[in-house]
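First comes the structure, then the notes that go with it.
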Amino acid sequence: MSSQHSLKNRRQLAPMTPPHLLTFLSTALLLANFTSPQAAPDTELPYRPPAEGRWSIGLGWDNDWPAEWRHAQPSRIRRTGKWEIHEGEIVLPSGILKLRDAARPVETPSGVRLQEVRRRWEWTGDQPLDRVTLSFRFELELENSRPFLPSINYYGNPAGRGVDATRIPVIAETAGSEGFYEEHRFSMPFAGIEGAAGGITRFAALHTVPSPLQHGARPDLWWSLGLRRTEREGKPAVELTAYSGLVASNGKRGIVKAQQRQFHPYPDAFLNLPPGAIVEKTFFVQIADVSKRGSGFQLGVWASAAIHEPFEVAGLPPFREVIEAKLHDTARRWHEDDRCAGVDAFPGEERPWIDLGWAGQSEAVGYPMIALRDEFKIGGAKEMAQKALDFIATAPFTKDGFAIRYDYRKHTWFPRRNPLSQGQAMNNLLDALRLGRKEHDLDTTKWEAFLRKASDFHAKRIEALDWSPKSTNEGFLIAPLAKAAKLLNEPRYLAAARKAADHYGARHLSMDDPYWGGTLDARCEDKEGAWAALQGFLAMHEATGEAKYLKWAQHAADVVISYVYVWNVPLPPGRLADHAFKTKGWTSVSVQNMHLDVYGVLCAPAIWRLGELTNRRELKDMARLMTVACGQLVDPFGGQGEQMQQTNYQQHGEFKGVDRIRGDYVEQWTVYWISAHFLVAAAQFEEMGVDWRNW
């Protein structure tokens, strides 16, 4: 599924040829009873549309939900070429609502099999049809089912639910529980579910081609996507559904998560159809058996990538220019006096800090300055690396590790020491040490002494019998300890890295406890937690050659990738539209913080390396997309904010209402990590020999 397989040449989702079709008829062609009922009775199918009808239309509106449902079955089924056509109608006092489905099986170049359905509603009455809800529904029996809604719900969000369920989307496990969310809130627009059926683990997904709605009763109304738990003949079942606007979450209807810590009302999410109105929508249904519990989501992730083919990067900012801008930003942040030297993590009067790890990344300056100095002819690069890292090596230790924040006005180290930030800082410092040892005019003595002390501290802590990390945050220690074992010639560090890696592998691969806790302001399922595991598992594979770590890295990578937007969200007038901003390639943060950020650029080199190790071109294509896309919105000074509001979510600033959020941009949060991650990524690509200069 490389970039050569695009929708432009129609190889992306080709109709299945007869040999494939014959094999596929017993499974995918029967998805949601899309063939004639005579082809196979419903009792033979593990999934089907709800018994009341193939089409379901809501008429009227009460308490943020349709007040009356009308259903219809096909009155005519016929074939035309590769399509099977189902037609029906709903007769109303004021006219007829004509209904039509065109369905066909399709297969992507990578072998993903789907059922494509193009649904059409046509209102032929001579009066408006008001307060209407359109839908697409299919149902399947599943026990112990767990949802997967990219960027929204990861196998039920058990971690975030345990911390504070009021801040994150939750769908309860009881019959009747439901969750439906605006399409633009999905990085990958599909609602998935994994569960057991007859002793087999199965994954199903409803994918959409996202679109805003005409004739909405409220502004900027979009289709919504999600699921409802049901029962079929006393057995648990799940209905995957798309609706023309209605939303629900956390046991309430008519709400959306519009701020970091709360939901807000979202009323009147229905249509008013004028005479002659036609609404069309394309869906893809996916269902497959899963070889290992907790891996079903991976099928949905790459099916979504196949459907949307996001890998084209033409028209995005040249990566080399972005790196030049980030080097300029680094130079203007530089602070040096007679007592310290380093990069100002938060420019401005309020936070005069040299900050290590999350979120400042001031320590990250050393490695790229050494790696990129010749390519960009950076004057004083080695001196900057020497001074910054020498100063960081003075960070004091306590029983909690080394300090990670320094106030250069008060000339004081803060008592702030979290293992996540220490792991991130150690990783960057070790990469600088590895390259710095090769330079005759760099003295790495202080760096090595500091890293040995830090590695001793964390290895001893992990080796302790009572080591029991709460979240995936300590996964950030795996990679630096694995690297330190080699660089500092201390096998004990690798043993500690192995213990941590094996702990997180056993903990997360089933997705009973999804990766979480990698960002300190959102204690819930997040991509940073998955990134910590990906980085660690990949480092362990590189250090040991063991195949299991490579498999685990692929699992964690696909969680990271699930947060990547594979489509460009159309944006309303606002700051993002001013810049013709394209969302594909950007990552959403977590199931709590639902804006976009540039963090994906840091993950991209590892995803590229994973593509090399597994011979998967699509991983390299994804890595390039993530890298180049994040170069948008760089200002003339080399700075760049975060919190691009692609959906109805706002984290900072005055809240002006749900309808005034989408399309805005919080540019004030220009913390150094936003530049540091670009430089570190460029240095890693350079070391891997990747030709990134023409990206």
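As shown in the structure tokens, the chain order sets the letters A, B, ...; within each chain, residues go from 1, and ligands are also counted from 1 in the order they appear.
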
Distance query A:Lys410 at most 12 Å, only C-alpha atoms, self and fewer than 5 positions along chain excluded, as number ranges by chain: A: 339-340, 351-354, 405

Writer output for current selection, N, CA, C and O atoms, as a CSV table (one decimal), in the first residue's frame:
```csv
chain,number,residue,atom,x,y,z
A,339,ARG,N,26.6,31.8,34.7
A,339,ARG,CA,26.3,30.7,35.5
A,339,ARG,C,25.6,29.6,34.8
A,339,ARG,O,25.4,28.5,35.4
A,340,CYS,N,25.1,29.8,33.6
A,340,CYS,CA,24.4,28.8,32.9
A,340,CYS,C,24.4,29.1,31.4
A,340,CYS,O,24.7,30.2,30.9
A,351,ARG,N,8.2,32.7,32.2
A,351,ARG,CA,8.8,31.4,32.4
A,351,ARG,C,10.2,31.4,31.9
A,351,ARG,O,10.5,30.8,30.8
A,352,PRO,N,11.2,31.9,32.6
A,352,PRO,CA,12.6,32.0,32.2
A,352,PRO,C,13.3,30.6,32.5
A,352,PRO,O,14.1,30.6,33.4
A,353,TRP,N,12.9,29.6,31.8
A,353,TRP,CA,13.3,28.3,32.2
A,353,TRP,C,14.1,27.6,31.1
A,353,TRP,O,13.8,27.6,29.9
A,354,ILE,N,15.1,26.9,31.5
A,354,ILE,CA,15.8,25.8,30.7
A,354,ILE,C,15.1,24.5,31.2
A,354,ILE,O,15.2,24.2,32.4
A,405,ARG,N,14.2,21.3,35.6
A,405,ARG,CA,13.9,22.7,35.3
A,405,ARG,C,14.8,23.6,36.0
A,405,ARG,O,15.0,23.5,37.2
```

DSSP strand (DSSP E) residues within stretch 183-228 of chain A, as an MDAnalysis selection string: chainID A and resid 190:197 200:208 224:228

Would you save the residues of that selection, restricted to C-alpha atoms, as a PDB file, in the first residue's frame?
```pdb
ATOM      1  CA  PHE A 190     -14.155   4.727  11.280  1.00  0.00           C
ATOM      2  CA  ALA A 191     -15.937   3.185  14.230  1.00  0.00           C
ATOM      3  CA  GLY A 192     -14.469  -0.192  15.132  1.00  0.00           C
ATOM      4  CA  ILE A 193     -15.237  -2.947  17.591  1.00  0.00           C
ATOM      5  CA  GLU A 194     -13.311  -6.047  18.688  1.00  0.00           C
ATOM      6  CA  GLY A 195     -14.946  -8.936  20.498  1.00  0.00           C
ATOM      7  CA  ALA A 196     -15.619 -12.662  20.597  1.00  0.00           C
ATOM      8  CA  ALA A 197     -17.984 -14.548  18.290  1.00  0.00           C
ATOM      9  CA  ILE A 200     -13.218 -16.449  17.528  1.00  0.00           C
ATOM     10  CA  THR A 201     -11.865 -12.946  18.064  1.00  0.00           C
ATOM     11  CA  ARG A 202     -13.378 -10.677  15.447  1.00  0.00           C
ATOM     12  CA  PHE A 203     -12.939  -7.050  14.418  1.00  0.00           C
ATOM     13  CA  ALA A 204     -15.543  -5.031  12.536  1.00  0.00           C
ATOM     14  CA  ALA A 205     -15.513  -1.426  11.400  1.00  0.00           C
ATOM     15  CA  LEU A 206     -17.744   1.070   9.670  1.00  0.00           C
ATOM     16  CA  HIS A 207     -15.621   3.485   7.620  1.00  0.00           C
ATOM     17  CA  THR A 208     -16.940   6.670   6.056  1.00  0.00           C
ATOM     18  CA  SER A 224     -21.471  11.509  13.185  1.00  0.00           C
ATOM     19  CA  LEU A 225     -20.058   8.053  13.689  1.00  0.00           C
ATOM     20  CA  GLY A 226     -20.029   5.552  16.524  1.00  0.00           C
ATOM     21  CA  LEU A 227     -21.780   2.556  18.059  1.00  0.00           C
ATOM     22  CA  ARG A 228     -24.575   1.339  20.288  1.00  0.00           C
TER      23      ARG A 228
END
```

Residue contacts of A:Ser675 (8 Å, only C-alpha atoms) excluding same-chain residues fewer than 5 positions away, as an MDAnalysis selection string: chainID A and resid 326:327 329:330 639:640

Residue with smallest distance to A:Arg660 - pool A:Thr398, A:Asn648, A:Thr627, A:Gln298, counting only C-alpha atoms: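 Of the candidates, the smallest distance to A:Arg660 is held by A:Asn648.
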
Top pick for closest residue to A:Pro219, considering A:Val238, A:Ala395, A:Ala269, A:Ala604 and counting only C-alpha atoms: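 Using only C-alpha atoms, the shortest distance to A:Pro219 belongs to A:Ala269.
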
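When only C-alpha atoms are used to measure the gap to A:Ala623, the shortest distance among A:Leu610, A:Ala495, A:Leu430, A:Ala403 belongs to A:Leu610.
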